[in-house]
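Note sheet for the following structure.
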Amino acid sequence: MRPTNYKIMINCRRFFVFVILPVLWLGTAGLTSFELLPSLSSGVIQTDTIQPVRAPHGMVVSASIHASTVGSDVLAAGGNAVDAAIATGFALAVTHPAAGNIGGGGFMVIRFPDGTTTAIDFREKAPMAAHPDMWLDDSGEYSRTMHHNSHMAVGVPGTVAGFWKAHRLYGSRDWKRLVSPAVELAGDGFNITERLAGGLRRLVEGRGAAYEGTVAYFSANGSPLNPGHRLVQSDLSRTLERIANKGRDGFYKGETARLLTAEMKREGGIITAEDLSLYRAKERTPMKGTYRGYEIISMPPPSSGGIALIEMLNILEGYDLRSMGHNSSDYISHLTEAMRRAYRDRARFVADPDFVDVPVHRLTSKAYAESLRSEIDPLKASISEPSDITEAYESKETTHYSVVDSDGMAVSVTYTLEYGYGSAITVPGAGFLLNNEMGDFNPGLGLTNADGLIGTVPNLARPEQRMLSSMTPSIVAKDGELVAVVGSPGGRAIINIVLQVILNFVEFEMNIQEAVNAARIHHQWLPDYVRIEEGGVTAATVTKLENQGYKISVRGEQGRANSIMIDPDNGDRLGAADLRNVDARAVGN
Ligand code: DON
């Protein structure tokens, strides 16, 4: 690399990592959050924006300090990483209601200390009454409202069944003790941060205003809650208590199921008691690939994450990325061409494997990557054929958390309600928000158009099919040793975010906090432009890329990749919360 370019690149990255992020974090919420700290029974909490937090035994990194603390306390009391992941997940359903949930679904990837791996699929599924045309209104027109903002948009939730299955198979502590911290957080309440107050204000003044339960639970008689307000969620606490006492039946049967189906019946939803009783989480074999000797373990379909991540890494392995320099124009053009191809394949081929044959082995083979590489001219942008899809709305709210225990068991969980606060519908009497994950199905056969609809066949809504996802909870190992746990929210950008965090520590030797902080880019085949985080690259780099034929949009931020790395020298767990969410924290012991 030319020395001047290198200097610009380094300065740019430094500016983003050392100036923009710390100012955002400390300036907007750091102090507020620390006034609102929960009591920590043991361990260390992240206070640095540049260095990860270090702990010798266990680590939990999540979007909420309360949830990270609950998980870390489970580890400190001798629970394993699956136990801690379950406790953290239930706590997030209380303290991070935008995406933490019991009314949604997600994925968990596990690596055991002996190097074996597994994955739990608790993605929502379509109710029995679902069909590909279900979002056409009476006049036969596609209704975006029905698809994304209605009771019809709610998928059968999977989270409780997923945690229950993970616990039955791999947990070591009493189930009830893992749910109890969430029961208490909901019942006793917790002080809301500025960020959460802002989110709840937007919810109750916006999409949630139409729903009585949402306004009742998340406002003070219709007025927005102020930062510092103690949010007590008594009905949610009682629901969690039923789950603590009865396990999955506490959600899918009895009072909780009755309240959920009553809300559906009242408001024209289609989830029935039978849908709830039929829901099963599934254990699946993780996707595996390699990159320069590192083993990549990630989520298989119905997520597209693992396939696309491995496809991109396979393509990129053929280039000397390191010598190009992080976020240089060369680096960005190579990443973009890999992203373009993997996202095209994602749209064409990937859906629920129980309904569709996905050519997993071909898409993730090194030979296929080589054939794709041979069509790439890194000096000239390829063209995405606009025959199939364009971008649909992407929300920012899903949540990822990472856990490592003292034995080296690693758990990577990404789960979601789809939009922030999901459907914005809170079940009256039960106190939890419902997802709007049905929006991840294609809107209808042949409905592909330039406004962002995709009408391809594999990912149409069919009874009991799981909708296609981009969530990419992942684990990296090398020579039989755990290296890192990564993942992120971010809609379709998730896969690219995980890709870049991995490249940042493998190629550019960043510590895990720098790897998480560093500015990201995103390209998803169509629409055909590269989105770059603000402050991420120089104007000269943008100009160079534009001269090569790339359309560039510099704006916003991408994802929240709460990650953990293992110090290869002494085995310490290094936790890195993604400070793009000022409430996120790593807590270790
Ligand atoms: O499963 C998926 O891919 C989407 N429902 C995830 C949504 C998401 O990440 C939104 N937030 N960042």
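Each chain in the structure tokens gets a letter, A, B and so on, in the order shown; residues start at 1 in every chain, and ligands are counted from 1 in the order they appear.
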| field | Contact residues around Tyr529 (chain A) with only C-alpha atoms at 10 Å, ignoring same-chain residues under 2 positions, as an NGL selection string | value | :A and (336 or 340 or 384 or 522-527 or 531-532 or 549-553)
Just the selected residues (N, CA, C and O atoms), exported as a PDB file, in the first residue's frame, please.
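Listed below is the output, selection_35.pdb:
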```pdb
ATOM      1  N   THR A 336     -17.367  -5.361  -1.735  1.00  0.00           N
ATOM      2  CA  THR A 336     -18.652  -5.108  -2.404  1.00  0.00           C
ATOM      3  C   THR A 336     -18.951  -6.187  -3.442  1.00  0.00           C
ATOM      4  O   THR A 336     -20.082  -6.674  -3.537  1.00  0.00           O
ATOM      5  N   ARG A 340     -22.178  -8.509  -3.284  1.00  0.00           N
ATOM      6  CA  ARG A 340     -23.149  -8.490  -4.382  1.00  0.00           C
ATOM      7  C   ARG A 340     -23.547  -9.919  -4.755  1.00  0.00           C
ATOM      8  O   ARG A 340     -24.720 -10.255  -4.894  1.00  0.00           O
ATOM      9  N   SER A 384     -25.523  -5.198 -10.861  1.00  0.00           N
ATOM     10  CA  SER A 384     -26.543  -6.104 -10.329  1.00  0.00           C
ATOM     11  C   SER A 384     -27.710  -6.081 -11.299  1.00  0.00           C
ATOM     12  O   SER A 384     -28.274  -5.019 -11.556  1.00  0.00           O
ATOM     13  N   HIS A 522     -21.836  -1.679   3.558  1.00  0.00           N
ATOM     14  CA  HIS A 522     -22.883  -2.669   3.244  1.00  0.00           C
ATOM     15  C   HIS A 522     -23.284  -2.565   1.776  1.00  0.00           C
ATOM     16  O   HIS A 522     -23.506  -1.468   1.256  1.00  0.00           O
ATOM     17  N   HIS A 523     -23.373  -3.732   1.124  1.00  0.00           N
ATOM     18  CA  HIS A 523     -23.942  -3.806  -0.221  1.00  0.00           C
ATOM     19  C   HIS A 523     -24.747  -5.083  -0.267  1.00  0.00           C
ATOM     20  O   HIS A 523     -24.333  -6.108   0.268  1.00  0.00           O
ATOM     21  N   GLN A 524     -25.931  -5.046  -0.860  1.00  0.00           N
ATOM     22  CA  GLN A 524     -26.785  -6.238  -0.814  1.00  0.00           C
ATOM     23  C   GLN A 524     -27.345  -6.609  -2.193  1.00  0.00           C
ATOM     24  O   GLN A 524     -28.480  -7.021  -2.306  1.00  0.00           O
ATOM     25  N   TRP A 525     -26.512  -6.457  -3.202  1.00  0.00           N
ATOM     26  CA  TRP A 525     -26.886  -6.766  -4.581  1.00  0.00           C
ATOM     27  C   TRP A 525     -27.804  -5.695  -5.153  1.00  0.00           C
ATOM     28  O   TRP A 525     -27.457  -4.991  -6.078  1.00  0.00           O
ATOM     29  N   LEU A 526     -29.018  -5.606  -4.625  1.00  0.00           N
ATOM     30  CA  LEU A 526     -29.943  -4.581  -5.061  1.00  0.00           C
ATOM     31  C   LEU A 526     -30.616  -3.954  -3.841  1.00  0.00           C
ATOM     32  O   LEU A 526     -30.933  -4.675  -2.911  1.00  0.00           O
ATOM     33  N   PRO A 527     -30.816  -2.678  -3.802  1.00  0.00           N
ATOM     34  CA  PRO A 527     -30.402  -1.713  -4.809  1.00  0.00           C
ATOM     35  C   PRO A 527     -28.879  -1.619  -4.858  1.00  0.00           C
ATOM     36  O   PRO A 527     -28.206  -1.850  -3.855  1.00  0.00           O
ATOM     37  N   ARG A 531     -23.430   1.295   1.034  1.00  0.00           N
ATOM     38  CA  ARG A 531     -23.743   2.174   2.164  1.00  0.00           C
ATOM     39  C   ARG A 531     -22.543   2.141   3.113  1.00  0.00           C
ATOM     40  O   ARG A 531     -22.070   1.060   3.482  1.00  0.00           O
ATOM     41  N   ILE A 532     -22.028   3.307   3.468  1.00  0.00           N
ATOM     42  CA  ILE A 532     -20.838   3.402   4.331  1.00  0.00           C
ATOM     43  C   ILE A 532     -21.201   4.229   5.563  1.00  0.00           C
ATOM     44  O   ILE A 532     -21.856   5.266   5.444  1.00  0.00           O
ATOM     45  N   GLY A 549     -17.201   3.273 -10.750  1.00  0.00           N
ATOM     46  CA  GLY A 549     -18.561   2.912 -11.126  1.00  0.00           C
ATOM     47  C   GLY A 549     -19.464   2.559  -9.959  1.00  0.00           C
ATOM     48  O   GLY A 549     -20.598   2.116 -10.164  1.00  0.00           O
ATOM     49  N   TYR A 550     -18.986   2.759  -8.715  1.00  0.00           N
ATOM     50  CA  TYR A 550     -19.827   2.424  -7.556  1.00  0.00           C
ATOM     51  C   TYR A 550     -20.676   3.618  -7.152  1.00  0.00           C
ATOM     52  O   TYR A 550     -20.195   4.751  -7.138  1.00  0.00           O
ATOM     53  N   LYS A 551     -21.924   3.334  -6.805  1.00  0.00           N
ATOM     54  CA  LYS A 551     -22.765   4.383  -6.200  1.00  0.00           C
ATOM     55  C   LYS A 551     -22.564   4.282  -4.690  1.00  0.00           C
ATOM     56  O   LYS A 551     -22.646   3.189  -4.124  1.00  0.00           O
ATOM     57  N   ILE A 552     -22.293   5.414  -4.055  1.00  0.00           N
ATOM     58  CA  ILE A 552     -21.955   5.399  -2.629  1.00  0.00           C
ATOM     59  C   ILE A 552     -22.964   6.242  -1.847  1.00  0.00           C
ATOM     60  O   ILE A 552     -23.329   7.330  -2.282  1.00  0.00           O
ATOM     61  N   SER A 553     -23.366   5.722  -0.709  1.00  0.00           N
ATOM     62  CA  SER A 553     -24.210   6.510   0.182  1.00  0.00           C
ATOM     63  C   SER A 553     -23.560   6.473   1.566  1.00  0.00           C
ATOM     64  O   SER A 553     -23.467   5.415   2.184  1.00  0.00           O
TER      65      SER A 553
END
```
| Gly140 (chain A) surroundings by only C-alpha atoms, 12 Å radius, close-in-sequence under 4 positions cut, as a ChimeraX atom specification | /A:133-136,444,447
Could those selected residues go to a file with N, CA and C atoms, as a compact mmCIF listing (two decimals), in the first residue's frame?
```
# COMPACT_ATOMS: atom_id res chain seq x y z
N ASP A 133 -51.11 -15.67 -0.53
CA ASP A 133 -51.85 -14.45 -0.91
C ASP A 133 -52.43 -13.71 0.28
N MET A 134 -51.96 -14.04 1.46
CA MET A 134 -52.66 -13.52 2.64
C MET A 134 -52.54 -12.01 2.84
N TRP A 135 -51.66 -11.35 2.08
CA TRP A 135 -51.53 -9.90 2.25
C TRP A 135 -52.15 -9.13 1.09
N LEU A 136 -53.02 -9.80 0.37
CA LEU A 136 -53.78 -9.07 -0.65
C LEU A 136 -55.08 -8.61 -0.01
N GLY A 444 -45.89 -11.97 -2.00
CA GLY A 444 -46.82 -12.76 -2.81
C GLY A 444 -46.14 -13.16 -4.11
N LEU A 447 -44.83 -10.78 -7.21
CA LEU A 447 -45.00 -9.37 -6.84
C LEU A 447 -43.69 -8.59 -6.82
```
| request: Let me have all residues with an atom within 8 Å of ligand 1, counting only C-alpha atoms and all ligand atoms, laid out as a PyMOL selection string. | output: chain A and resi 106+303+394-399+415-420+437+439-440+467-471+488-494+559
| task | Write down as a PyMOL selection string the residues belonging to region 282-407 of chain A that are assigned strand (DSSP E or B) by DSSP computed on the backbone. | result | chain A and resi 282-284+287-291+294-298+303+399-404
How about saving the chosen residues, N, CA, C and O atoms kept, as a PDB file, in the first residue's frame?
```pdb
ATOM      1  N   LYS A 282     -36.134 -26.325  16.785  1.00  0.00           N
ATOM      2  CA  LYS A 282     -35.435 -27.441  16.134  1.00  0.00           C
ATOM      3  C   LYS A 282     -33.939 -27.340  16.361  1.00  0.00           C
ATOM      4  O   LYS A 282     -33.376 -26.240  16.259  1.00  0.00           O
ATOM      5  N   GLU A 283     -33.336 -28.486  16.617  1.00  0.00           N
ATOM      6  CA  GLU A 283     -31.873 -28.500  16.677  1.00  0.00           C
ATOM      7  C   GLU A 283     -31.374 -28.712  15.258  1.00  0.00           C
ATOM      8  O   GLU A 283     -31.871 -29.587  14.534  1.00  0.00           O
ATOM      9  N   ARG A 284     -30.431 -27.909  14.822  1.00  0.00           N
ATOM     10  CA  ARG A 284     -29.903 -28.026  13.457  1.00  0.00           C
ATOM     11  C   ARG A 284     -28.377 -28.101  13.487  1.00  0.00           C
ATOM     12  O   ARG A 284     -27.741 -27.705  14.466  1.00  0.00           O
ATOM     13  N   MET A 287     -23.780 -24.278  10.064  1.00  0.00           N
ATOM     14  CA  MET A 287     -23.009 -24.097   8.827  1.00  0.00           C
ATOM     15  C   MET A 287     -21.551 -23.968   9.232  1.00  0.00           C
ATOM     16  O   MET A 287     -21.254 -23.278  10.203  1.00  0.00           O
ATOM     17  N   LYS A 288     -20.686 -24.600   8.448  1.00  0.00           N
ATOM     18  CA  LYS A 288     -19.258 -24.460   8.766  1.00  0.00           C
ATOM     19  C   LYS A 288     -18.461 -24.110   7.521  1.00  0.00           C
ATOM     20  O   LYS A 288     -18.759 -24.604   6.426  1.00  0.00           O
ATOM     21  N   GLY A 289     -17.459 -23.275   7.715  1.00  0.00           N
ATOM     22  CA  GLY A 289     -16.551 -22.941   6.634  1.00  0.00           C
ATOM     23  C   GLY A 289     -15.194 -22.636   7.240  1.00  0.00           C
ATOM     24  O   GLY A 289     -15.011 -22.716   8.464  1.00  0.00           O
ATOM     25  N   THR A 290     -14.241 -22.317   6.370  1.00  0.00           N
ATOM     26  CA  THR A 290     -12.924 -21.933   6.877  1.00  0.00           C
ATOM     27  C   THR A 290     -12.476 -20.652   6.196  1.00  0.00           C
ATOM     28  O   THR A 290     -12.890 -20.360   5.063  1.00  0.00           O
ATOM     29  N   TYR A 291     -11.636 -19.896   6.890  1.00  0.00           N
ATOM     30  CA  TYR A 291     -11.022 -18.707   6.307  1.00  0.00           C
ATOM     31  C   TYR A 291      -9.608 -18.604   6.869  1.00  0.00           C
ATOM     32  O   TYR A 291      -9.431 -18.386   8.061  1.00  0.00           O
ATOM     33  N   TYR A 294      -8.928 -20.316  10.024  1.00  0.00           N
ATOM     34  CA  TYR A 294      -9.937 -20.124  11.070  1.00  0.00           C
ATOM     35  C   TYR A 294     -11.178 -20.931  10.708  1.00  0.00           C
ATOM     36  O   TYR A 294     -11.569 -20.994   9.533  1.00  0.00           O
ATOM     37  N   GLU A 295     -11.804 -21.523  11.730  1.00  0.00           N
ATOM     38  CA  GLU A 295     -13.052 -22.245  11.498  1.00  0.00           C
ATOM     39  C   GLU A 295     -14.216 -21.296  11.786  1.00  0.00           C
ATOM     40  O   GLU A 295     -14.238 -20.639  12.830  1.00  0.00           O
ATOM     41  N   ILE A 296     -15.157 -21.220  10.853  1.00  0.00           N
ATOM     42  CA  ILE A 296     -16.310 -20.326  11.003  1.00  0.00           C
ATOM     43  C   ILE A 296     -17.546 -21.201  11.234  1.00  0.00           C
ATOM     44  O   ILE A 296     -17.858 -22.074  10.418  1.00  0.00           O
ATOM     45  N   ILE A 297     -18.230 -20.958  12.345  1.00  0.00           N
ATOM     46  CA  ILE A 297     -19.408 -21.753  12.701  1.00  0.00           C
ATOM     47  C   ILE A 297     -20.585 -20.787  12.761  1.00  0.00           C
ATOM     48  O   ILE A 297     -20.546 -19.799  13.507  1.00  0.00           O
ATOM     49  N   SER A 298     -21.634 -21.048  11.982  1.00  0.00           N
ATOM     50  CA  SER A 298     -22.710 -20.064  11.940  1.00  0.00           C
ATOM     51  C   SER A 298     -24.058 -20.739  11.720  1.00  0.00           C
ATOM     52  O   SER A 298     -24.162 -21.965  11.733  1.00  0.00           O
ATOM     53  N   SER A 303     -31.994 -19.397   8.305  1.00  0.00           N
ATOM     54  CA  SER A 303     -31.246 -18.155   8.158  1.00  0.00           C
ATOM     55  C   SER A 303     -30.368 -18.251   6.920  1.00  0.00           C
ATOM     56  O   SER A 303     -29.818 -19.312   6.623  1.00  0.00           O
ATOM     57  N   THR A 399     -31.593  -8.078  18.317  1.00  0.00           N
ATOM     58  CA  THR A 399     -30.506  -7.917  19.272  1.00  0.00           C
ATOM     59  C   THR A 399     -29.639  -9.160  19.282  1.00  0.00           C
ATOM     60  O   THR A 399     -30.133 -10.273  19.092  1.00  0.00           O
ATOM     61  N   HIS A 400     -28.351  -8.914  19.437  1.00  0.00           N
ATOM     62  CA  HIS A 400     -27.405 -10.030  19.514  1.00  0.00           C
ATOM     63  C   HIS A 400     -26.694 -10.011  20.853  1.00  0.00           C
ATOM     64  O   HIS A 400     -26.327  -8.944  21.343  1.00  0.00           O
ATOM     65  N   TYR A 401     -26.484 -11.199  21.449  1.00  0.00           N
ATOM     66  CA  TYR A 401     -25.636 -11.259  22.643  1.00  0.00           C
ATOM     67  C   TYR A 401     -24.730 -12.477  22.582  1.00  0.00           C
ATOM     68  O   TYR A 401     -25.035 -13.475  21.924  1.00  0.00           O
ATOM     69  N   SER A 402     -23.593 -12.344  23.243  1.00  0.00           N
ATOM     70  CA  SER A 402     -22.548 -13.370  23.203  1.00  0.00           C
ATOM     71  C   SER A 402     -22.214 -13.787  24.630  1.00  0.00           C
ATOM     72  O   SER A 402     -22.199 -12.952  25.542  1.00  0.00           O
ATOM     73  N   VAL A 403     -21.943 -15.088  24.803  1.00  0.00           N
ATOM     74  CA  VAL A 403     -21.638 -15.621  26.138  1.00  0.00           C
ATOM     75  C   VAL A 403     -20.480 -16.612  26.024  1.00  0.00           C
ATOM     76  O   VAL A 403     -20.450 -17.442  25.115  1.00  0.00           O
ATOM     77  N   VAL A 404     -19.540 -16.529  26.966  1.00  0.00           N
ATOM     78  CA  VAL A 404     -18.504 -17.571  27.105  1.00  0.00           C
ATOM     79  C   VAL A 404     -18.404 -17.901  28.593  1.00  0.00           C
ATOM     80  O   VAL A 404     -18.405 -17.001  29.435  1.00  0.00           O
TER      81      VAL A 404
END
```
| message | I need the residue nearest Pro473 (chain A) from this list: A:Gly306, A:Phe508, A:Val457, A:Arg344. Use only C-alpha atoms for the distance. | response | A:Gly306
| query | So which residues touch Arg280 (chain A) within 10 Å, counting only C-alpha atoms, skipping near sequence neighbours fewer than 2 positions away, as a ChimeraX atom specification? | reply | /A:121-125,157-158,160-162,165,276-278,282-283
| request: Fewer than 3 positions away in the same chain doesn't count, so skip those; otherwise give me all residues within 9 Å of region 201-209 of chain A, counting only C-alpha atoms, as a PyMOL selection string. | output: chain A and resi 149+196-198+212-215+218-219+222-226+420-421+423-426
| task | Point out the residue among A:Glu141, A:Asp114, A:Glu274, A:Glu317 with the least atom-to-atom distance to Val156 (chain A), counting only C-alpha atoms. | result | A:Glu274
| field | Exercise: Met299 (chain A) partners within 8 Å, only C-alpha atoms, chain neighbours under 5 positions left out, as a list in words | value |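 With the cut-off at 8 Å, the set is Phe107, Met108, Val109, Ala119, Pro286, Met287, Ser304, Gly305, Gly306, Ile307, Met471, Thr472, Pro473 and Ser474 of chain A.
Distances from A:Ser150, A:Gly187, A:Gly293, A:Thr159 to Gly480 (chain A) were compared using only C-alpha atoms, and the smallest one belongs to A:Gly293.
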| query | Any idea what's packed within 9 Å of Arg373 (chain A), counting only C-alpha atoms, ignoring anything in its chain fewer than 5 positions away? Could you give it as a PyMOL selection string? | reply | chain A and resi 315-316+318+337-338+368
| request: Find the distance between CA of Met510 (chain A) and CA of Ala67 (chain A) and write it in Å to one decimal. | output: 26.8 Å
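The closest residue to Phe505 (chain A), picked from A:Leu363, A:Arg322, A:Glu534, A:His334 and counting only C-alpha atoms, is A:Arg322.
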| query | So, counting only C-alpha atoms, which residue among A:Lys544, A:Arg346, A:Arg555, A:Lys253 is closest to Ser333 (chain A)? | reply |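 Checking each of A:Lys544, A:Arg346, A:Arg555, A:Lys253 against Ser333 (chain A), counting only C-alpha atoms, the winner is A:Lys544.
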